[in-house]
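Below: one structure, written as structure tokens.
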Amino acid sequence: MKEVQAVTGYIRGGVTALACKKDYPVYIDELAQICDVISVSAGIRGLQILLAPGDYIRAVKASVVAITKGEVGSH
């Protein structure tokens, strides 16, 4: 957490893959795809943006992976 600003140029709580000056790898849990809407940082501390998971995945070129335990059908 102490290195967030030095590494990204953004303050903690305002980091978002949507507008980074540099492309960072983004990983999103496969369970997000079953949601109609997800909430992610809008780049300002305390401000969130709501969007469809597919739109976020495309916008940040996210890799969809199994991060949580269990299967999509079990939640």
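Convention: chains lettered A, B, ... in structure tokens order; per-chain residue numbering from 1; ligands numbered from 1 as shown.
Residue neighbourhood of Lys22 of chain A, excluding near-sequence residues (fewer than 4 positions): Val7, Thr8, Gly9, Tyr10, Val15, Thr16, Ala17, Leu18, Val26 and Val60 of chain A, at 12 Å, using only C-alpha atoms.
In the backbone-derived DSSP annotation, strand (DSSP E) within chain A comprises Tyr27, Ile28, Asp29, Ile38, Ser39, Val40, Ser41, Gln48, Ile49, Leu50, Leu51, Ser63, Val64 and Val65 of chain A.
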Store the residues picked out above in a file with all heavy atoms, as a compact mmCIF listing (two decimals), in the first residue's frame.
# COMPACT_ATOMS: atom_id res chain seq x y z
N TYR A 27 -6.74 -8.62 -13.66
CA TYR A 27 -7.36 -9.93 -13.52
C TYR A 27 -8.71 -9.72 -12.85
O TYR A 27 -8.81 -8.99 -11.87
CB TYR A 27 -6.49 -10.85 -12.68
CG TYR A 27 -5.13 -11.05 -13.29
CD1 TYR A 27 -4.06 -10.23 -12.96
CD2 TYR A 27 -4.92 -12.04 -14.24
CE1 TYR A 27 -2.82 -10.38 -13.54
CE2 TYR A 27 -3.68 -12.21 -14.83
CZ TYR A 27 -2.63 -11.37 -14.47
OH TYR A 27 -1.41 -11.53 -15.07
N ILE A 28 -9.73 -10.36 -13.37
CA ILE A 28 -11.07 -10.26 -12.80
C ILE A 28 -11.61 -11.67 -12.61
O ILE A 28 -11.41 -12.54 -13.45
CB ILE A 28 -12.00 -9.40 -13.69
CG1 ILE A 28 -13.35 -9.15 -13.00
CG2 ILE A 28 -12.18 -10.01 -15.06
CD1 ILE A 28 -14.18 -8.08 -13.67
N ASP A 29 -12.25 -11.88 -11.48
CA ASP A 29 -12.78 -13.21 -11.20
C ASP A 29 -13.91 -13.55 -12.16
O ASP A 29 -14.73 -12.69 -12.51
CB ASP A 29 -13.29 -13.29 -9.76
CG ASP A 29 -13.58 -14.72 -9.35
OD1 ASP A 29 -14.70 -15.20 -9.64
OD2 ASP A 29 -12.70 -15.37 -8.80
N ILE A 38 -21.12 -4.24 -12.32
CA ILE A 38 -20.09 -4.27 -11.29
C ILE A 38 -19.69 -2.84 -10.96
O ILE A 38 -19.93 -1.92 -11.75
CB ILE A 38 -18.86 -5.10 -11.70
CG1 ILE A 38 -18.21 -4.53 -12.97
CG2 ILE A 38 -19.21 -6.57 -11.86
CD1 ILE A 38 -16.88 -5.18 -13.33
N SER A 39 -19.07 -2.65 -9.82
CA SER A 39 -18.63 -1.33 -9.37
C SER A 39 -17.11 -1.34 -9.29
O SER A 39 -16.53 -2.21 -8.66
CB SER A 39 -19.23 -1.04 -7.99
OG SER A 39 -18.72 0.14 -7.46
N VAL A 40 -16.48 -0.36 -9.93
CA VAL A 40 -15.02 -0.23 -9.88
C VAL A 40 -14.66 1.22 -9.61
O VAL A 40 -15.47 2.12 -9.80
CB VAL A 40 -14.34 -0.71 -11.20
CG1 VAL A 40 -14.63 -2.18 -11.45
CG2 VAL A 40 -14.77 0.12 -12.39
N SER A 41 -13.44 1.44 -9.19
CA SER A 41 -12.99 2.81 -8.91
C SER A 41 -13.07 3.66 -10.17
O SER A 41 -12.69 3.24 -11.25
CB SER A 41 -11.56 2.80 -8.38
OG SER A 41 -11.10 4.13 -8.21
N GLN A 48 -17.08 5.75 -7.45
CA GLN A 48 -17.18 4.48 -8.15
C GLN A 48 -17.95 4.66 -9.46
O GLN A 48 -18.72 5.60 -9.61
CB GLN A 48 -17.92 3.45 -7.29
CG GLN A 48 -17.28 3.16 -5.94
CD GLN A 48 -15.93 2.51 -6.08
OE1 GLN A 48 -14.92 3.11 -5.79
NE2 GLN A 48 -15.90 1.28 -6.53
N ILE A 49 -17.72 3.75 -10.37
CA ILE A 49 -18.46 3.73 -11.63
C ILE A 49 -19.11 2.36 -11.76
O ILE A 49 -18.52 1.35 -11.38
CB ILE A 49 -17.54 4.04 -12.84
CG1 ILE A 49 -18.34 4.14 -14.12
CG2 ILE A 49 -16.44 3.01 -12.97
CD1 ILE A 49 -17.54 4.65 -15.31
N LEU A 50 -20.34 2.34 -12.23
CA LEU A 50 -21.06 1.10 -12.44
C LEU A 50 -21.07 0.80 -13.94
O LEU A 50 -21.39 1.68 -14.74
CB LEU A 50 -22.50 1.22 -11.94
CG LEU A 50 -22.68 1.58 -10.47
CD1 LEU A 50 -24.15 1.80 -10.15
CD2 LEU A 50 -22.09 0.51 -9.57
N LEU A 51 -20.72 -0.44 -14.29
CA LEU A 51 -20.74 -0.82 -15.69
C LEU A 51 -20.89 -2.32 -15.82
O LEU A 51 -20.71 -3.06 -14.86
CB LEU A 51 -19.49 -0.33 -16.42
CG LEU A 51 -18.13 -0.92 -16.07
CD1 LEU A 51 -17.13 -0.51 -17.15
CD2 LEU A 51 -17.64 -0.46 -14.75
N SER A 63 -7.89 -10.21 -17.91
CA SER A 63 -7.90 -11.66 -18.01
C SER A 63 -8.95 -12.16 -17.01
O SER A 63 -8.91 -11.81 -15.83
CB SER A 63 -6.54 -12.24 -17.63
OG SER A 63 -5.56 -11.81 -18.55
N VAL A 64 -9.88 -12.97 -17.50
CA VAL A 64 -10.92 -13.54 -16.64
C VAL A 64 -10.38 -14.86 -16.11
O VAL A 64 -10.04 -15.76 -16.88
CB VAL A 64 -12.23 -13.75 -17.42
CG1 VAL A 64 -13.29 -14.35 -16.52
CG2 VAL A 64 -12.71 -12.43 -18.02
N VAL A 65 -10.28 -14.95 -14.79
CA VAL A 65 -9.67 -16.12 -14.15
C VAL A 65 -10.47 -16.55 -12.92
O VAL A 65 -11.30 -15.79 -12.43
CB VAL A 65 -8.20 -15.84 -13.74
CG1 VAL A 65 -7.33 -15.55 -14.96
CG2 VAL A 65 -8.12 -14.68 -12.77
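Considering the residues A:Lys61, A:Lys69, A:Arg12, A:Lys2 and counting only C-alpha atoms, Tyr24 of chain A has its shortest atom-to-atom contact with A:Lys61.
In this structure, atom CA of Gly54 of chain A sits 16.6 Å away from atom CA of Ala42 of chain A.
Atom CA of Ala66 of chain A to atom CA of Leu31 of chain A spans 7.9 Å [interatomic distance, one decimal].
Atom CA of Val4 of chain A is positioned 14.9 Å from atom CA of Pro25 of chain A.
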Residues flagged alpha helix (DSSP H) by DSSP in chain A, as a PyMOL selection string: chain A and resi 4-8+53-60
What does the file look like for those residues with all heavy atoms, as a CSV table (one decimal), in the first residue's frame?
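Result went into again_22.csv, see below:
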chain,number,residue,atom,x,y,z
A,4,VAL,N,1.9,2.3,-3.7
A,4,VAL,CA,0.9,2.5,-4.7
A,4,VAL,C,1.2,3.8,-5.5
A,4,VAL,O,1.2,3.8,-6.7
A,4,VAL,CB,-0.5,2.5,-4.1
A,4,VAL,CG1,-1.5,3.0,-5.1
A,4,VAL,CG2,-0.9,1.1,-3.7
A,5,GLN,N,1.3,4.9,-4.8
A,5,GLN,CA,1.5,6.2,-5.5
A,5,GLN,C,2.8,6.2,-6.2
A,5,GLN,O,2.9,6.7,-7.4
A,5,GLN,CB,1.4,7.4,-4.5
A,5,GLN,CG,1.4,8.7,-5.2
A,5,GLN,CD,1.0,9.9,-4.3
A,5,GLN,OE1,0.9,9.7,-3.1
A,5,GLN,NE2,0.8,11.0,-4.9
A,6,ALA,N,3.9,5.7,-5.7
A,6,ALA,CA,5.2,5.7,-6.4
A,6,ALA,C,5.1,4.8,-7.6
A,6,ALA,O,5.7,5.2,-8.6
A,6,ALA,CB,6.3,5.2,-5.4
A,7,VAL,N,4.4,3.7,-7.6
A,7,VAL,CA,4.4,2.8,-8.7
A,7,VAL,C,3.4,3.3,-9.8
A,7,VAL,O,3.7,3.2,-11.0
A,7,VAL,CB,4.0,1.4,-8.2
A,7,VAL,CG1,3.7,0.5,-9.4
A,7,VAL,CG2,5.1,0.8,-7.4
A,8,THR,N,2.2,3.7,-9.4
A,8,THR,CA,1.2,4.1,-10.3
A,8,THR,C,1.0,5.5,-10.6
A,8,THR,O,0.5,5.9,-11.7
A,8,THR,CB,-0.2,3.6,-9.8
A,8,THR,OG1,-0.6,4.3,-8.7
A,8,THR,CG2,-0.2,2.1,-9.5
A,53,PRO,N,-19.9,-6.0,-16.7
A,53,PRO,CA,-18.6,-6.7,-16.6
A,53,PRO,C,-17.9,-6.8,-17.9
A,53,PRO,O,-16.7,-6.6,-18.0
A,53,PRO,CB,-18.9,-8.1,-16.0
A,53,PRO,CG,-20.3,-7.9,-15.4
A,53,PRO,CD,-21.0,-6.8,-16.1
A,54,GLY,N,-18.6,-7.2,-19.0
A,54,GLY,CA,-18.0,-7.3,-20.3
A,54,GLY,C,-17.4,-6.0,-20.8
A,54,GLY,O,-16.4,-6.0,-21.4
A,55,ASP,N,-18.1,-4.9,-20.5
A,55,ASP,CA,-17.5,-3.6,-20.9
A,55,ASP,C,-16.2,-3.3,-20.2
A,55,ASP,O,-15.2,-2.8,-20.7
A,55,ASP,CB,-18.5,-2.5,-20.6
A,55,ASP,CG,-19.7,-2.6,-21.5
A,55,ASP,OD1,-19.7,-3.2,-22.6
A,55,ASP,OD2,-20.8,-2.0,-21.1
A,56,TYR,N,-16.2,-3.6,-18.9
A,56,TYR,CA,-14.9,-3.4,-18.1
A,56,TYR,C,-13.8,-4.3,-18.6
A,56,TYR,O,-12.7,-3.9,-18.8
A,56,TYR,CB,-15.2,-3.7,-16.6
A,56,TYR,CG,-14.0,-3.5,-15.7
A,56,TYR,CD1,-13.5,-2.2,-15.5
A,56,TYR,CD2,-13.3,-4.6,-15.2
A,56,TYR,CE1,-12.4,-2.0,-14.7
A,56,TYR,CE2,-12.2,-4.4,-14.4
A,56,TYR,CZ,-11.7,-3.2,-14.2
A,56,TYR,OH,-10.6,-3.0,-13.4
A,57,ILE,N,-14.1,-5.6,-18.8
A,57,ILE,CA,-13.2,-6.5,-19.3
A,57,ILE,C,-12.5,-6.1,-20.6
A,57,ILE,O,-11.3,-6.1,-20.8
A,57,ILE,CB,-13.8,-7.9,-19.4
A,57,ILE,CG1,-14.1,-8.5,-18.0
A,57,ILE,CG2,-12.9,-8.9,-20.2
A,57,ILE,CD1,-15.1,-9.7,-18.0
A,58,ARG,N,-13.4,-5.6,-21.5
A,58,ARG,CA,-12.9,-5.1,-22.8
A,58,ARG,C,-12.1,-3.8,-22.6
A,58,ARG,O,-11.0,-3.7,-23.2
A,58,ARG,CB,-14.0,-4.8,-23.8
A,58,ARG,CG,-14.6,-6.1,-24.5
A,58,ARG,CD,-15.6,-5.8,-25.6
A,58,ARG,NE,-16.8,-5.1,-25.1
A,58,ARG,CZ,-17.8,-5.7,-24.5
A,58,ARG,NH1,-17.8,-7.0,-24.3
A,58,ARG,NH2,-18.8,-5.0,-24.1
A,59,ALA,N,-12.5,-2.9,-21.8
A,59,ALA,CA,-11.9,-1.6,-21.7
A,59,ALA,C,-10.5,-1.7,-21.1
A,59,ALA,O,-9.6,-1.0,-21.5
A,59,ALA,CB,-12.7,-0.7,-20.8
A,60,VAL,N,-10.3,-2.7,-20.2
A,60,VAL,CA,-9.0,-2.8,-19.5
A,60,VAL,C,-8.2,-4.0,-20.0
A,60,VAL,O,-7.1,-4.3,-19.4
A,60,VAL,CB,-9.1,-2.8,-18.0
A,60,VAL,CG1,-9.8,-1.5,-17.5
A,60,VAL,CG2,-9.8,-4.0,-17.5
